[in-house]
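start_25.tsv (TSV, C-alpha atoms) appears below.
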```tsv
chain	number	residue	atom	x	y	z
A	16	MET	CA	-48.70	131.51	21.74
A	17	ALA	CA	-46.07	134.17	22.31
A	18	ASP	CA	-42.45	133.03	22.03
A	19	LYS	CA	-41.72	133.83	25.71
A	20	LYS	CA	-44.61	131.63	26.81
A	21	LYS	CA	-43.49	128.84	24.48
A	22	LEU	CA	-40.03	128.87	26.05
A	23	ALA	CA	-41.55	128.64	29.52
A	24	THR	CA	-43.81	125.69	28.66
A	25	GLY	CA	-41.09	123.08	28.91
A	26	HIS	CA	-38.28	121.38	27.12
A	27	TYR	CA	-39.06	119.97	23.66
A	28	GLU	CA	-37.56	116.59	24.56
A	29	VAL	CA	-40.16	116.26	27.36
A	30	ILE	CA	-42.89	116.92	24.81
A	31	GLY	CA	-41.39	114.26	22.53
A	32	GLU	CA	-41.15	111.76	25.38
A	33	THR	CA	-44.79	112.40	26.30
A	34	TYR	CA	-45.95	111.74	22.73
A	35	ALA	CA	-43.74	108.65	22.54
A	36	LYS	CA	-45.09	107.22	25.82
A	37	MET	CA	-48.64	107.68	24.55
A	38	GLU	CA	-47.84	106.01	21.23
A	39	PHE	CA	-46.09	103.02	22.83
A	40	TYR	CA	-48.91	102.61	25.35
A	41	GLU	CA	-51.47	102.55	22.52
A	42	GLN	CA	-49.42	99.78	20.88
A	43	GLY	CA	-49.63	97.60	24.00
A	44	TRP	CA	-46.26	98.48	25.55
A	45	ASN	CA	-45.86	99.64	29.15
A	46	PRO	CA	-43.47	102.62	29.02
A	47	TYR	CA	-41.39	103.41	32.08
A	48	THR	CA	-39.48	106.67	32.32
A	49	ARG	CA	-35.86	106.61	33.40
A	50	PHE	CA	-35.08	109.00	36.25
A	51	LEU	CA	-31.69	109.81	34.73
A	52	ASP	CA	-30.92	109.85	31.04
A	53	VAL	CA	-27.92	107.55	31.18
A	54	GLU	CA	-26.67	105.31	28.41
A	55	LYS	CA	-28.98	107.05	25.93
A	56	ILE	CA	-32.11	105.55	27.54
A	57	ASP	CA	-35.18	107.73	28.13
A	58	LEU	CA	-37.80	104.98	28.30
A	59	ILE	CA	-37.88	101.30	29.04
A	60	LEU	CA	-40.71	99.43	27.34
A	61	ARG	CA	-42.22	96.20	28.63
A	62	LYS	CA	-44.67	93.97	26.79
A	63	ARG	CA	-45.95	90.44	27.29
A	64	VAL	CA	-46.08	88.49	24.03
A	65	ASN	CA	-47.58	85.04	24.54
A	66	ASN	CA	-45.78	83.86	27.71
A	67	GLN	CA	-42.63	85.89	27.16
A	68	ILE	CA	-41.77	89.35	28.53
A	69	LEU	CA	-40.01	91.68	26.10
A	70	TYR	CA	-38.02	94.74	27.15
A	71	LYS	CA	-36.80	97.49	24.83
A	72	GLU	CA	-34.76	100.59	25.57
A	73	ILE	CA	-35.75	103.84	23.88
A	74	GLN	CA	-33.90	107.10	23.30
A	75	VAL	CA	-36.43	109.78	22.31
A	76	LYS	CA	-35.51	112.61	19.97
A	77	PHE	CA	-37.93	115.42	19.16
A	78	GLY	CA	-38.04	117.51	16.03
A	79	LYS	CA	-40.32	120.39	15.25
A	80	LEU	CA	-42.03	120.11	11.85
A	81	TYR	CA	-42.12	123.21	9.69
A	82	GLU	CA	-43.86	123.96	6.42
A	83	VAL	CA	-41.08	124.49	3.89
A	84	ASN	CA	-40.47	128.03	2.75
A	85	THR	CA	-37.48	128.10	0.39
A	86	LYS	CA	-37.87	127.84	-3.35
A	87	PHE	CA	-35.63	124.76	-3.45
A	88	GLU	CA	-37.56	122.93	-0.73
A	89	LYS	CA	-40.96	123.70	-2.28
A	90	LEU	CA	-39.89	121.75	-5.38
A	91	HIS	CA	-39.57	118.53	-3.37
A	92	PHE	CA	-41.14	118.78	0.10
A	93	ASP	CA	-44.06	120.21	2.04
A	94	LEU	CA	-42.85	119.56	5.60
A	95	THR	CA	-39.39	119.36	7.10
A	96	SER	CA	-37.63	119.04	10.42
A	97	TRP	CA	-33.95	119.44	11.19
A	98	ARG	CA	-31.55	119.31	14.07
A	99	PHE	CA	-27.84	118.93	14.68
A	100	PHE	CA	-26.22	115.72	15.90
A	101	ASN	CA	-22.73	114.50	16.58
A	102	PRO	CA	-22.22	111.99	13.72
A	103	ASN	CA	-20.65	109.50	16.17
A	104	GLU	CA	-23.18	110.02	18.97
A	105	PHE	CA	-24.45	106.43	18.89
A	106	ASP	CA	-21.33	104.55	17.79
A	107	SER	CA	-20.71	102.92	21.16
A	108	TYR	CA	-24.32	101.69	21.31
A	109	GLU	CA	-24.51	100.04	17.88
A	110	GLU	CA	-24.22	96.51	19.26
A	111	ASN	CA	-27.18	97.02	21.64
A	112	ASP	CA	-29.99	95.16	19.85
A	113	SER	CA	-32.49	96.37	22.46
A	114	LEU	CA	-31.89	100.10	21.93
A	115	TYR	CA	-34.10	102.06	19.54
A	116	ILE	CA	-34.37	105.72	18.63
A	117	ALA	CA	-37.93	107.07	18.65
A	118	TYR	CA	-37.83	110.26	16.61
A	119	VAL	CA	-41.03	112.25	17.21
A	120	LEU	CA	-41.96	115.04	14.80
A	121	SER	CA	-44.68	117.59	15.48
A	122	LYS	CA	-45.90	120.95	14.29
A	123	ASP	CA	-46.56	123.52	16.99
A	124	TYR	CA	-49.29	122.02	19.16
A	125	LYS	CA	-50.38	119.60	16.45
A	126	TYR	CA	-48.97	116.10	16.75
A	127	GLU	CA	-50.21	113.93	13.87
A	128	GLY	CA	-48.60	110.56	14.60
A	129	ASP	CA	-45.23	111.23	13.00
A	130	ILE	CA	-43.05	108.93	15.07
A	131	PHE	CA	-40.12	107.10	13.50
A	132	ILE	CA	-38.61	104.05	15.18
A	133	PHE	CA	-35.01	103.27	14.26
A	134	PRO	CA	-32.77	100.50	15.58
A	135	VAL	CA	-29.78	102.35	17.03
A	136	LYS	CA	-27.35	100.78	14.55
A	137	GLU	CA	-29.40	101.99	11.59
A	138	PHE	CA	-29.87	105.46	13.05
A	139	SER	CA	-26.13	105.72	13.65
A	140	SER	CA	-25.53	104.83	10.00
A	141	LEU	CA	-28.07	107.45	8.88
A	142	LEU	CA	-26.30	110.14	10.90
A	143	LYS	CA	-23.08	109.45	9.03
A	144	GLN	CA	-24.90	110.12	5.75
A	145	ALA	CA	-26.53	113.39	6.88
A	146	ILE	CA	-25.34	116.82	5.77
A	147	PRO	CA	-21.97	117.78	7.35
A	148	SER	CA	-21.90	121.04	9.30
A	149	LYS	CA	-18.54	121.77	10.95
A	150	ASP	CA	-18.00	118.96	13.52
A	151	LYS	CA	-21.71	117.99	13.50
A	152	VAL	CA	-24.25	116.80	10.96
A	153	LYS	CA	-27.52	118.48	10.14
A	154	LEU	CA	-30.20	115.81	9.96
A	155	TYR	CA	-33.19	116.81	7.87
A	156	ILE	CA	-36.27	114.61	7.79
A	157	SER	CA	-38.60	115.87	5.08
A	158	HIS	CA	-41.94	114.79	3.61
A	159	SER	CA	-42.20	114.55	-0.20
A	160	ILE	CA	-44.86	116.52	-2.06
A	161	LYS	CA	-44.76	114.04	-4.96
A	162	GLU	CA	-45.53	110.91	-2.94
A	163	ASP	CA	-46.32	110.03	0.66
A	164	LYS	CA	-42.69	109.36	1.57
A	165	TRP	CA	-40.28	110.66	4.19
A	166	TYR	CA	-36.62	111.27	3.42
A	167	ILE	CA	-33.40	112.06	5.20
A	168	ARG	CA	-31.44	114.48	3.06
A	169	LYS	CA	-27.84	113.68	2.16
A	170	ARG	CA	-27.24	117.00	0.38
A	171	SER	CA	-28.24	120.59	0.97
A	172	LYS	CA	-29.59	121.08	-2.56
A	173	PHE	CA	-30.35	118.75	-5.44
A	174	ASP	CA	-32.43	118.47	-8.58
A	175	HIS	CA	-33.97	115.03	-8.00
A	176	THR	CA	-34.79	112.86	-5.02
A	177	ASP	CA	-32.60	109.85	-5.76
A	178	GLU	CA	-30.13	107.64	-3.87
A	179	LEU	CA	-27.43	110.32	-4.16
A	180	SER	CA	-29.55	113.05	-2.56
A	181	VAL	CA	-31.90	111.37	-0.05
A	182	ILE	CA	-32.53	108.21	1.97
A	183	ASP	CA	-36.09	106.89	2.09
A	184	VAL	CA	-37.04	106.40	5.77
A	185	THR	CA	-40.78	105.96	5.21
A	186	HIS	CA	-40.73	102.35	6.49
A	187	TYR	CA	-39.52	103.57	9.91
A	188	ARG	CA	-42.61	105.76	10.37
A	189	ARG	CA	-44.99	104.17	12.91
A	190	ASN	CA	-43.18	100.83	12.52
A	191	PHE	CA	-43.94	99.52	16.01
A	192	ASP	CA	-43.63	95.91	14.73
A	193	MET	CA	-39.88	96.53	14.48
A	194	LEU	CA	-39.78	96.25	18.27
A	195	LEU	CA	-41.08	92.67	18.23
```
Write-out of the structure in structure tokens:
Amino acid sequence: MADKKKLATGHYEVIGETYAKMEFYEQGWNPYTRFLDVEKIDLILRKRVNNQILYKEIQVKFGKLYEVNTKFEKLHFDLTSWRFFNPNEFDSYEENDSLYIAYVLSKDYKYEGDIFIFPVKEFSSLLKQAIPSKDKVKLYISHSIKEDKWYIRKRSKFDHTDELSVIDVTHYRRNFDMLL
């Protein structure tokens, strides 16, 4: 699709929210869209478990997945997504045990189930470890070519994927049980 048409098709966050609603629905949650994005809440989820009703608040973030193209990246990854964040964006929400970040990643017109579910406190901590860029951080989520793992990069370049260079976030991928 031509770039002009892509720009006219809608906001990427709406695409991410649509994928997220579908995913949560398929996991037995009833997703309700907030009319206004206040207090970092895009969706409210409701689910009956036994005789108890659970509610969770979701902030959806969308990232476009790209095939890597630099020599450095090709040594470690096959897919990557990046976007800028304020490193303190979620600080005032860290004590909200009901708030989760659903980070949806998709190639152009090809969503393959890459949704990551982070408790807000953990996502806030991850932002503080991302790559600094002026007054923001550049958060890369990248898929390893050596193993089926997803990483957040802590450095722009490195020789090895280790605890100094990356954070393994594989366990957040499709971890809907975290909401229970």
Checklist outcome for this item: Using all atoms listed in the file, the residue out of A:Asn101, A:Asn45, A:Thr176, A:Ser107 with shortest distance to Ser157 in chain A is A:Thr176
Item to check | Selection: 10 Å around Leu69 in chain A, only C-alpha atoms, excl. self and same-chain fewer than 4 positions, as a list in words | outcome: Trp44, Leu60, Arg61, Lys62, Arg63, Val64, Ser113, Leu194 and Leu195 of chain A
Okay, now the selection with C-alpha atoms, as a PDB file, in the coordinates of the input?
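So the final result, stored in selection-v6.pdb, reads:
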```
ATOM      1  CA  TRP A  44     -46.260  98.480  25.550  1.00  0.00           C
ATOM      2  CA  LEU A  60     -40.710  99.430  27.340  1.00  0.00           C
ATOM      3  CA  ARG A  61     -42.220  96.200  28.630  1.00  0.00           C
ATOM      4  CA  LYS A  62     -44.670  93.970  26.790  1.00  0.00           C
ATOM      5  CA  ARG A  63     -45.950  90.440  27.290  1.00  0.00           C
ATOM      6  CA  VAL A  64     -46.080  88.490  24.030  1.00  0.00           C
ATOM      7  CA  SER A 113     -32.490  96.370  22.460  1.00  0.00           C
ATOM      8  CA  LEU A 194     -39.780  96.250  18.270  1.00  0.00           C
ATOM      9  CA  LEU A 195     -41.080  92.670  18.230  1.00  0.00           C
TER      10      LEU A 195
END
```
Next on the checklist: One decimal, in Å: what's the spacing between CA of Glu109 in chain A and CA of Ser139 in chain A?
Outcome noted: 7.3 Å
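Of note, CA of Ile132 in chain A and CA of Val75 in chain A are spaced 9.4 Å apart.
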Checklist outcome for this item: CA of Lys122 in chain A sits from CA of Arg98 in chain A at a separation of 14.4 Å
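Here the question is which of A:Ile167, A:Leu114, A:Met37, A:Leu120 gets nearest to Lys136 in chain A using all atoms listed in the file, and that residue is A:Leu114.
Nearest residue to Ser148 in chain A, choosing from A:Lys164, A:Lys89, A:Arg188, A:Lys169 and counting all atoms listed in the file: A:Lys169.
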Next on the checklist: Quick one: residues within 9 Å of Lys151 in chain A, all atoms listed in the file, excluding same-chain residues fewer than 6 positions away - as an NGL selection string?
Outcome noted: :A and (99-103)
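Using all atoms listed in the file, the protein and nucleic acid residues lying no more than 7 Å from Tyr187 in chain A, apart from those fewer than 3 places from it along its own chain, are Phe131, Ile132, Phe133, Val184 and Asn190 of chain A.
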Same residues, C-alpha atoms, output as a PDB file, in the frame of the given file:
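For reference, part_6.pdb as written:
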```pdb
ATOM      1  CA  PHE A 131     -40.120 107.100  13.500  1.00  0.00           C
ATOM      2  CA  ILE A 132     -38.610 104.050  15.180  1.00  0.00           C
ATOM      3  CA  PHE A 133     -35.010 103.270  14.260  1.00  0.00           C
ATOM      4  CA  VAL A 184     -37.040 106.400   5.770  1.00  0.00           C
ATOM      5  CA  ASN A 190     -43.180 100.830  12.520  1.00  0.00           C
TER       6      ASN A 190
END
```
